[in-house]
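Note sheet for the following structure.
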Amino acid sequence: MQAKRAINKFWRIPHFDNVELLRAKHLKQSFPPHTHERYAIGVIEHGALGFYYRGENVVAASGNINLCIPGEVHTGQPAVEEGWTYRMFYFPTTTLQTVASEFADRPRPLPFFQPGVIADPALAQQLHNLHMKLEQRNTPRLEVETLLLETLGQMINCYADDHPPESSVSNEKFVVKILKAYIEEHYSEDISLTELSQLTNLSRFHLVRVFRHGVGMPPHAYLRQVRIRHAKRLLEVGESVVDVAQATGFVDQSHLTRWFKRFWGITPGQYRNSVQDG
């Protein structure tokens, strides 16, 4: 049985706007009134967090989103005997302002959130998944950028008081063609959404929406599909699984194996052996 003690892990990811992340469990911790310079957005995994926010005492229970806008005084303490376990993001103000602007395809002010607690299981799961992917450190950059933009865009659109209207999505076939060709050519590289945005002169958010509309999946999913296709071809000519993983942009052999099995139902080694035996 796991010991009942506080656990904390804090880290920063420089190439994602220096976003700061925290995974913690608190049993008796009580935070005094304080503020953050960043947007503090989290998901309660277990237990419940109580805090004072914008004139009222609120409780974020398991599965809820807790948040605080920059400069807003708030507290924090356990709302149940078991304390609370949570995952937190600390986003620079520029990150959310950029997402709001890209979502609307025009400059927007800083998003303002009135509630300190949001009960939205689907959005909470998206935030939780994003946090876990950032902790794993082996998720392709394109996938993380896309998930981050879509998750924050949805949050701003649904819960910010002055939420930006969505820009219209047109079936820009020429843009999709350019993007697909670029991914096909650079599939082994750690492609970023910023690269694709500069290539097409579209905002990152609008780019993802255009690509999804034209292809049926986001850019990172298409990239993974292309990598698996090339991996399959290399395995067919007898390349080792380790070499194939390196050549096709996967982090390591286990990373390739996990995704290859999801696509094909067997491991790369099993596929390679079956082709060679045949």
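Lettering and numbering for the structure tokens are positional, with chains as A, B, ... in the shown order, residues counted from 1 in each chain, and ligands counted from 1 in the shown order.
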
Inset, instruction - Tell me, as JSON, numbers by chain, which residues lie within 10 Å of A:Thr139, counting only C-alpha atoms; anything in the same chain fewer than 3 positions away does not count. - result: {"A": [130, 132, 133, 134, 135, 136, 142, 143, 144, 250, 251, 255]}

Inset, instruction - Kindly indicate which residue among A:Ile13, A:Val175, A:Val242, A:Ile69 lies nearest to A:Phe113, using only C-alpha atoms for the distances. - result: A:Ile69

Inset, instruction - Pull the strand (DSSP E) assignments for stretch 46-150 of chain A out of DSSP run on the backbone, and list those residues as a ChimeraX atom specification. - result: /A:46-53,56-61,65-68,74-78,84-91,117-118

Output N, CA and C atoms for every residue in the selection just made, as a compact mmCIF listing (two decimals), in the first residue's frame.
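The resulting file, part_4.txt, is reproduced below:
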# COMPACT_ATOMS: atom_id res chain seq x y z
N HIS A 46 -7.38 12.98 -7.56
CA HIS A 46 -8.01 12.31 -6.42
C HIS A 46 -8.24 13.32 -5.32
N GLY A 47 -9.20 13.03 -4.46
CA GLY A 47 -9.49 13.91 -3.33
C GLY A 47 -10.19 15.18 -3.77
N ALA A 48 -9.96 16.27 -3.02
CA ALA A 48 -10.63 17.54 -3.34
C ALA A 48 -9.81 18.70 -2.80
N LEU A 49 -9.76 19.76 -3.58
CA LEU A 49 -9.04 20.99 -3.23
C LEU A 49 -10.05 22.08 -2.92
N GLY A 50 -9.88 22.74 -1.80
CA GLY A 50 -10.70 23.90 -1.47
C GLY A 50 -9.85 25.15 -1.60
N PHE A 51 -10.44 26.23 -2.14
CA PHE A 51 -9.68 27.48 -2.23
C PHE A 51 -10.62 28.68 -2.37
N TYR A 52 -10.10 29.80 -1.93
CA TYR A 52 -10.82 31.07 -2.06
C TYR A 52 -10.44 31.70 -3.39
N TYR A 53 -11.46 32.08 -4.18
CA TYR A 53 -11.18 32.62 -5.51
C TYR A 53 -12.29 33.58 -5.92
N GLU A 56 -15.28 34.04 -3.32
CA GLU A 56 -16.03 32.91 -2.76
C GLU A 56 -15.12 31.72 -2.51
N ASN A 57 -15.55 30.88 -1.59
CA ASN A 57 -14.85 29.63 -1.32
C ASN A 57 -15.41 28.55 -2.23
N VAL A 58 -14.54 27.89 -2.97
CA VAL A 58 -14.97 26.89 -3.93
C VAL A 58 -14.23 25.58 -3.66
N VAL A 59 -14.77 24.50 -4.21
CA VAL A 59 -14.16 23.17 -4.06
C VAL A 59 -14.03 22.53 -5.42
N ALA A 60 -12.82 22.09 -5.74
CA ALA A 60 -12.56 21.35 -6.96
C ALA A 60 -12.39 19.88 -6.57
N ALA A 61 -13.35 19.05 -6.96
CA ALA A 61 -13.33 17.64 -6.61
C ALA A 61 -12.62 16.83 -7.70
N ILE A 65 -11.67 20.70 -13.14
CA ILE A 65 -10.57 21.58 -13.51
C ILE A 65 -10.53 22.72 -12.51
N ASN A 66 -9.36 23.02 -11.97
CA ASN A 66 -9.19 24.20 -11.12
C ASN A 66 -8.32 25.20 -11.85
N LEU A 67 -8.64 26.47 -11.72
CA LEU A 67 -7.84 27.47 -12.44
C LEU A 67 -7.80 28.79 -11.70
N CYS A 68 -6.80 29.57 -12.06
CA CYS A 68 -6.66 30.91 -11.50
C CYS A 68 -6.00 31.80 -12.55
N HIS A 74 -5.62 34.03 -4.30
CA HIS A 74 -6.34 32.81 -3.98
C HIS A 74 -5.58 32.03 -2.92
N THR A 75 -6.24 31.04 -2.36
CA THR A 75 -5.63 30.20 -1.33
C THR A 75 -5.61 28.76 -1.84
N GLY A 76 -5.42 27.80 -0.93
CA GLY A 76 -5.47 26.40 -1.31
C GLY A 76 -5.31 25.52 -0.09
N GLN A 77 -6.24 24.56 0.10
CA GLN A 77 -6.18 23.67 1.25
C GLN A 77 -7.01 22.40 0.96
N PRO A 78 -6.76 21.33 1.68
CA PRO A 78 -7.55 20.12 1.44
C PRO A 78 -9.01 20.33 1.81
N TRP A 84 -5.53 16.10 -1.57
CA TRP A 84 -5.81 16.12 -3.01
C TRP A 84 -4.55 15.83 -3.81
N THR A 85 -4.73 15.17 -4.94
CA THR A 85 -3.67 14.90 -5.90
C THR A 85 -4.04 15.60 -7.19
N TYR A 86 -3.10 16.31 -7.80
CA TYR A 86 -3.46 17.08 -8.99
C TYR A 86 -2.27 17.26 -9.92
N ARG A 87 -2.61 17.64 -11.16
CA ARG A 87 -1.62 18.00 -12.17
C ARG A 87 -1.89 19.44 -12.58
N MET A 88 -0.84 20.26 -12.56
CA MET A 88 -0.99 21.68 -12.84
C MET A 88 -0.14 22.13 -14.02
N PHE A 89 -0.72 23.05 -14.79
CA PHE A 89 0.02 23.79 -15.81
C PHE A 89 0.14 25.23 -15.34
N TYR A 90 1.29 25.84 -15.60
CA TYR A 90 1.46 27.27 -15.39
C TYR A 90 1.88 27.88 -16.72
N PHE A 91 0.87 28.44 -17.42
CA PHE A 91 1.10 28.96 -18.77
C PHE A 91 1.43 30.45 -18.74
N VAL A 117 -13.53 26.86 -10.76
CA VAL A 117 -13.72 25.43 -10.91
C VAL A 117 -14.59 25.17 -12.13
N ILE A 118 -14.17 24.25 -12.98
CA ILE A 118 -14.95 23.88 -14.17
C ILE A 118 -15.22 22.39 -14.12

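Minimum atom-to-atom distance to A:Gln126, evaluated using only C-alpha atoms, belongs to A:Glu150 out of A:Cys158, A:Arg108, A:Glu150, A:Ser240.
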
Legend entry - For A:Ser274: contacts at 12 Å, only C-alpha atoms, fewer than 4 positions along chain excluded, given as a list in words: Leu235, Glu236, Val237, Gly238, Ile266, Thr267, Pro268, Gly269, Gln270 and Gly278 of chain A

Okay, now the selection with C-alpha atoms, as an mmCIF file, in the first residue's frame?
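Result went into selection03.cif, see below:
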data_model
loop_
_atom_site.group_PDB
_atom_site.id
_atom_site.type_symbol
_atom_site.label_atom_id
_atom_site.label_comp_id
_atom_site.auth_asym_id
_atom_site.auth_seq_id
_atom_site.Cartn_x
_atom_site.Cartn_y
_atom_site.Cartn_z
ATOM 1 C CA LEU A 235 11.115 -3.941 -42.130
ATOM 2 C CA GLU A 236 10.101 -5.691 -45.348
ATOM 3 C CA VAL A 237 13.672 -5.425 -46.669
ATOM 4 C CA GLY A 238 15.156 -6.804 -43.468
ATOM 5 C CA ILE A 266 1.612 -7.259 -34.257
ATOM 6 C CA THR A 267 5.040 -5.998 -33.251
ATOM 7 C CA PRO A 268 7.599 -4.767 -35.805
ATOM 8 C CA GLY A 269 9.757 -7.808 -35.028
ATOM 9 C CA GLN A 270 6.875 -10.173 -35.685
ATOM 10 C CA GLY A 278 7.608 -15.880 -46.373
#

Inset, instruction - Within stretch 43-246 of chain A, find each residue whose DSSP state, derived from the backbone, is alpha helix (DSSP H), and express the selection as a count of residues only. - result: 104

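Atom CA of A:Val43 is found 6.5 Å from atom CA of A:Gly63.
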
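Picture a line from atom CA of A:Thr257 to atom CA of A:Ile228; it runs 9.9 Å.
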
Compile a residue-level contact table for stretch 113-153 of chain A against stretch 199-215 of chain A at a cut-off of 9 Å, reporting for every qualifying residue the shortest atom pair and its distance in Å to one decimal, with only C-alpha atoms counted, rows ordered by chain and ascending number, as a tab-separated table.
residue	atom	partner	partner_atom	distance
A:Glu145	CA	A:Arg204	CA	8.9
A:Thr146	CA	A:Val208	CA	7.1
A:Leu149	CA	A:Phe205	CA	6.4
A:Glu150	CA	A:Phe205	CA	7.4
A:Gly153	CA	A:Phe205	CA	8.2

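Between A:Thr93 and the residues A:Glu37, A:Glu184, A:Asp120, A:Glu239, the shortest atom-to-atom distance, using only C-alpha atoms, involves A:Glu37.
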
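With atom CA of A:Lys28 on one side and atom CA of A:Glu82 on the other, the separation reads 8.6 Å.
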
Legend entry - Minimum-distance residue to A:His131, chosen among A:Glu20, A:Asp243, A:Asp161, A:Glu81 (using only C-alpha atoms): A:Glu20

Inset, instruction - Could you check which of A:Arg141, A:Leu179, A:Val241, A:Val73 is closest to A:Gln198, using only C-alpha atoms? - result: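 Looking only at the distances to A:Gln198, the closest residue turns out to be A:Leu179.
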
Legend entry - Residue nearest A:Ser188 - candidates A:His36, A:Arg229, A:His15, A:Arg54, atoms counted: only C-alpha atoms: A:Arg229

For A:Val226, find every residue with an atom within 9 Å (counting only C-alpha atoms), except residues of its own chain fewer than 4 positions away, and show them as a tab-separated table (two decimals) with C-alpha atoms, in the first residue's frame.
chain	number	residue	atom	x	y	z
A	183	ILE	CA	5.37	15.85	-43.84
A	184	GLU	CA	6.12	13.12	-46.40
A	187	TYR	CA	8.73	12.55	-41.59
A	221	ALA	CA	-1.69	11.76	-36.49
A	222	TYR	CA	-0.93	11.95	-40.21
A	230	HIS	CA	7.91	3.91	-43.99
A	231	ALA	CA	8.82	1.67	-41.06
A	248	THR	CA	11.62	6.90	-39.13
